[in-house]
Amino acid sequence: MMGHAQVEDQESSKRTGTMGNNIKDGIDKFIRPILRELNGKSDEMEASAVISRDGLNVSAVLGEGVDPDRLGAMCAALLGLADTTAKELERGELKLVLLHGEKGVLLLVHIGSTHVLALAAKPKINLGMVLLEARKTADRLATIV
């Protein structure tokens, strides 16, 4: 992924219809500034997106070259497996998924029961701060989606 200074807005998805996209465009106008604000909390934050539980991209502020539709599909797959694992191991309702690799972190936080906030950051980011900011942002976004 690109560094914070190189993060650019990308279209949330390819828009081909009219009626559904008018609603999506309206929601995107409210969500995108919140995602930009989240990304601006630290130079270590690289990208963020709001994705439906079934993998459809709602809004995203991603690095160049990141396909929001592919990201949505991968996040939905991760959430499905994590939900099943949490239930199988009797861990209660899943709240978040954290992937921590040598090149960075990916955090998925539920926004209500129908959407998820995805946040990518560099490996040296303060995880406590990321968790706090992601949770606060998800709470804000829950009033929109």
# chains A, B, ... in the order shown; residues from 1 in each chain; ligands from 1
$ select_by_dssp --residues "chain A" --states "helix (DSSP H, G or I)" --output "VMD selection string"
chain A and resid 4 to 6 19 to 39 68 to 88 127 to 141
$ residues_around --residues "stretch 42-45 of chain A" --least-positions-apart "2" --cutoff "9 Å" --atoms "only C-alpha atoms" --output "list in words"
Gly3, His4, Ala5, Leu38, Asn39, Gly40, Ala47, Ser48, Leu119, Ala120, Ala121, Lys122, Pro123, Lys124, Ile125, Asn126 and Val130 of chain A
$ write_last_selection --atoms "N, CA and C atoms" --output "mmCIF file, in the first residue's frame"
data_model
loop_
_atom_site.group_PDB
_atom_site.id
_atom_site.type_symbol
_atom_site.label_atom_id
_atom_site.label_comp_id
_atom_site.auth_asym_id
_atom_site.auth_seq_id
_atom_site.Cartn_x
_atom_site.Cartn_y
_atom_site.Cartn_z
ATOM 1 N N GLY A 3 2.069 5.170 1.117
ATOM 2 C CA GLY A 3 2.171 5.932 2.345
ATOM 3 C C GLY A 3 1.038 6.931 2.461
ATOM 4 N N HIS A 4 0.870 7.463 3.681
ATOM 5 C CA HIS A 4 -0.228 8.392 3.950
ATOM 6 C C HIS A 4 -0.214 9.579 2.990
ATOM 7 N N ALA A 5 0.981 10.123 2.736
ATOM 8 C CA ALA A 5 1.069 11.294 1.861
ATOM 9 C C ALA A 5 0.676 10.951 0.432
ATOM 10 N N LEU A 38 -10.188 9.860 9.492
ATOM 11 C CA LEU A 38 -9.573 8.703 10.138
ATOM 12 C C LEU A 38 -8.158 8.490 9.614
ATOM 13 N N ASN A 39 -7.985 8.510 8.295
ATOM 14 C CA ASN A 39 -6.657 8.317 7.714
ATOM 15 C C ASN A 39 -5.680 9.398 8.173
ATOM 16 N N GLY A 40 -6.183 10.594 8.460
ATOM 17 C CA GLY A 40 -5.339 11.702 8.884
ATOM 18 C C GLY A 40 -4.931 11.666 10.341
ATOM 19 N N ALA A 47 -5.040 3.518 4.550
ATOM 20 C CA ALA A 47 -6.272 3.401 3.773
ATOM 21 C C ALA A 47 -7.425 2.995 4.676
ATOM 22 N N SER A 48 -8.643 3.335 4.244
ATOM 23 C CA SER A 48 -9.829 2.906 4.972
ATOM 24 C C SER A 48 -10.987 2.768 4.005
ATOM 25 N N LEU A 119 -9.481 -0.887 7.836
ATOM 26 C CA LEU A 119 -8.428 0.110 8.017
ATOM 27 C C LEU A 119 -7.077 -0.563 7.844
ATOM 28 N N ALA A 120 -6.252 -0.032 6.945
ATOM 29 C CA ALA A 120 -4.903 -0.554 6.729
ATOM 30 C C ALA A 120 -3.895 0.471 7.243
ATOM 31 N N ALA A 121 -2.846 -0.031 7.896
ATOM 32 C CA ALA A 121 -1.840 0.865 8.469
ATOM 33 C C ALA A 121 -0.455 0.220 8.380
ATOM 34 N N LYS A 122 0.555 1.045 8.528
ATOM 35 C CA LYS A 122 1.940 0.585 8.519
ATOM 36 C C LYS A 122 2.226 -0.213 9.794
ATOM 37 N N PRO A 123 3.266 -1.044 9.774
ATOM 38 C CA PRO A 123 3.501 -1.964 10.897
ATOM 39 C C PRO A 123 3.868 -1.307 12.224
ATOM 40 N N LYS A 124 4.390 -0.110 12.197
ATOM 41 C CA LYS A 124 4.840 0.517 13.450
ATOM 42 C C LYS A 124 3.770 1.371 14.122
ATOM 43 N N ILE A 125 2.549 1.320 13.634
ATOM 44 C CA ILE A 125 1.486 2.139 14.205
ATOM 45 C C ILE A 125 1.161 1.657 15.620
ATOM 46 N N ASN A 126 0.736 2.571 16.444
ATOM 47 C CA ASN A 126 0.303 2.261 17.806
ATOM 48 C C ASN A 126 -1.055 1.556 17.708
ATOM 49 N N VAL A 130 -5.035 2.836 17.055
ATOM 50 C CA VAL A 130 -5.804 2.376 15.905
ATOM 51 C C VAL A 130 -7.130 1.780 16.355
#
$ atom_distance --atom1 "atom CA of A:Asp67" --atom2 "atom CA of A:Ile51"
12.7 Å
$ atom_distance --atom1 "atom CA of A:Ala118" --atom2 "atom CA of A:Leu71"
8.9 Å
$ closest_residue --among "A:Lys136, A:Arg70, A:Arg53, A:Arg32" --to "A:Asp83" --atoms "only C-alpha atoms"
A:Arg53
$ closest_residue --among "A:Lys41, A:Ile34, A:Ile27, A:Ala76" --to "A:Ala138" --atoms "only C-alpha atoms"
A:Ile34
$ residues_around --residues "A:Cys75" --least-positions-apart "5" --cutoff "12 Å" --atoms "only C-alpha atoms" --output "number ranges by chain"
A: 48-57, 68-70, 80-83, 96-99, 106-110, 115-120
$ atom_distance --atom1 "atom CA of A:Ala60" --atom2 "atom CA of A:Leu35"
7.2 Å
$ select_by_dssp --residues "chain A" --states "strand (DSSP E or B)" --output "number ranges by chain"
A: 45-52, 57-61, 96-101, 104-111, 115-121
$ decode --residues "stretch 95-128 of chain A" --atoms "N, CA and C atoms" --output "CSV table (one decimal), in the first residue's frame"
chain,number,residue,atom,x,y,z
A,95,LYS,N,-16.4,-8.8,17.3
A,95,LYS,CA,-16.4,-7.4,17.2
A,95,LYS,C,-15.4,-6.8,16.2
A,96,LEU,N,-14.2,-7.5,16.1
A,96,LEU,CA,-13.2,-7.0,15.2
A,96,LEU,C,-12.3,-8.2,14.8
A,97,VAL,N,-11.6,-7.9,13.7
A,97,VAL,CA,-10.5,-8.8,13.2
A,97,VAL,C,-9.3,-8.0,13.0
A,98,LEU,N,-8.2,-8.5,13.5
A,98,LEU,CA,-6.9,-7.8,13.3
A,98,LEU,C,-5.9,-8.7,12.7
A,99,LEU,N,-5.4,-8.3,11.5
A,99,LEU,CA,-4.3,-9.0,10.8
A,99,LEU,C,-3.1,-8.2,11.0
A,100,HIS,N,-2.0,-8.8,11.5
A,100,HIS,CA,-0.8,-8.1,11.8
A,100,HIS,C,0.3,-8.8,11.0
A,101,GLY,N,0.8,-8.2,9.9
A,101,GLY,CA,1.9,-8.8,9.2
A,101,GLY,C,3.1,-8.0,9.3
A,102,GLU,N,4.2,-8.4,8.7
A,102,GLU,CA,5.5,-7.7,8.8
A,102,GLU,C,5.4,-6.4,8.1
A,103,LYS,N,4.5,-6.2,7.1
A,103,LYS,CA,4.4,-5.0,6.3
A,103,LYS,C,3.3,-4.1,6.7
A,104,GLY,N,2.5,-4.5,7.7
A,104,GLY,CA,1.4,-3.7,8.2
A,104,GLY,C,0.3,-4.4,8.8
A,105,VAL,N,-0.8,-3.7,9.1
A,105,VAL,CA,-1.9,-4.2,9.8
A,105,VAL,C,-3.2,-4.0,9.0
A,106,LEU,N,-4.1,-4.8,9.1
A,106,LEU,CA,-5.5,-4.6,8.6
A,106,LEU,C,-6.4,-4.9,9.7
A,107,LEU,N,-7.3,-3.9,10.0
A,107,LEU,CA,-8.3,-4.0,11.1
A,107,LEU,C,-9.7,-4.0,10.4
A,108,LEU,N,-10.5,-4.9,10.8
A,108,LEU,CA,-11.9,-4.9,10.4
A,108,LEU,C,-12.8,-4.8,11.6
A,109,VAL,N,-13.6,-3.7,11.6
A,109,VAL,CA,-14.5,-3.4,12.8
A,109,VAL,C,-15.9,-3.4,12.3
A,110,HIS,N,-16.8,-4.1,13.0
A,110,HIS,CA,-18.2,-4.1,12.7
A,110,HIS,C,-18.8,-2.7,12.8
A,111,ILE,N,-19.6,-2.3,11.8
A,111,ILE,CA,-20.4,-1.1,11.9
A,111,ILE,C,-21.9,-1.6,11.9
A,112,GLY,N,-22.4,-1.7,13.1
A,112,GLY,CA,-23.7,-2.3,13.2
A,112,GLY,C,-23.6,-3.8,12.8
A,113,SER,N,-24.8,-4.3,12.2
A,113,SER,CA,-24.8,-5.7,11.8
A,113,SER,C,-24.7,-5.9,10.3
A,114,THR,N,-24.6,-4.8,9.5
A,114,THR,CA,-24.6,-4.9,8.1
A,114,THR,C,-23.4,-4.4,7.4
A,115,HIS,N,-22.5,-3.7,8.1
A,115,HIS,CA,-21.3,-3.1,7.4
A,115,HIS,C,-20.1,-3.3,8.3
A,116,VAL,N,-18.9,-3.1,7.7
A,116,VAL,CA,-17.6,-3.2,8.4
A,116,VAL,C,-16.7,-2.0,7.9
A,117,LEU,N,-15.9,-1.6,8.9
A,117,LEU,CA,-14.9,-0.6,8.6
A,117,LEU,C,-13.6,-1.3,8.4
A,118,ALA,N,-12.9,-1.2,7.3
A,118,ALA,CA,-11.6,-1.8,7.0
A,118,ALA,C,-10.6,-0.6,7.1
A,119,LEU,N,-9.5,-0.9,7.8
A,119,LEU,CA,-8.4,0.1,8.0
A,119,LEU,C,-7.1,-0.6,7.8
A,120,ALA,N,-6.3,0.0,6.9
A,120,ALA,CA,-4.9,-0.6,6.7
A,120,ALA,C,-3.9,0.5,7.2
A,121,ALA,N,-2.8,0.0,7.9
A,121,ALA,CA,-1.8,0.9,8.5
A,121,ALA,C,-0.5,0.2,8.4
A,122,LYS,N,0.6,1.0,8.5
A,122,LYS,CA,1.9,0.6,8.5
A,122,LYS,C,2.2,-0.2,9.8
A,123,PRO,N,3.3,-1.0,9.8
A,123,PRO,CA,3.5,-2.0,10.9
A,123,PRO,C,3.9,-1.3,12.2
A,124,LYS,N,4.4,-0.1,12.2
A,124,LYS,CA,4.8,0.5,13.4
A,124,LYS,C,3.8,1.4,14.1
A,125,ILE,N,2.5,1.3,13.6
A,125,ILE,CA,1.5,2.1,14.2
A,125,ILE,C,1.2,1.7,15.6
A,126,ASN,N,0.7,2.6,16.4
A,126,ASN,CA,0.3,2.3,17.8
A,126,ASN,C,-1.1,1.6,17.7
A,127,LEU,N,-1.1,0.3,18.0
A,127,LEU,CA,-2.3,-0.5,17.8
A,127,LEU,C,-3.4,0.0,18.8
A,128,GLY,N,-3.1,0.4,20.0
A,128,GLY,CA,-4.1,0.9,20.9
A,128,GLY,C,-4.8,2.1,20.3
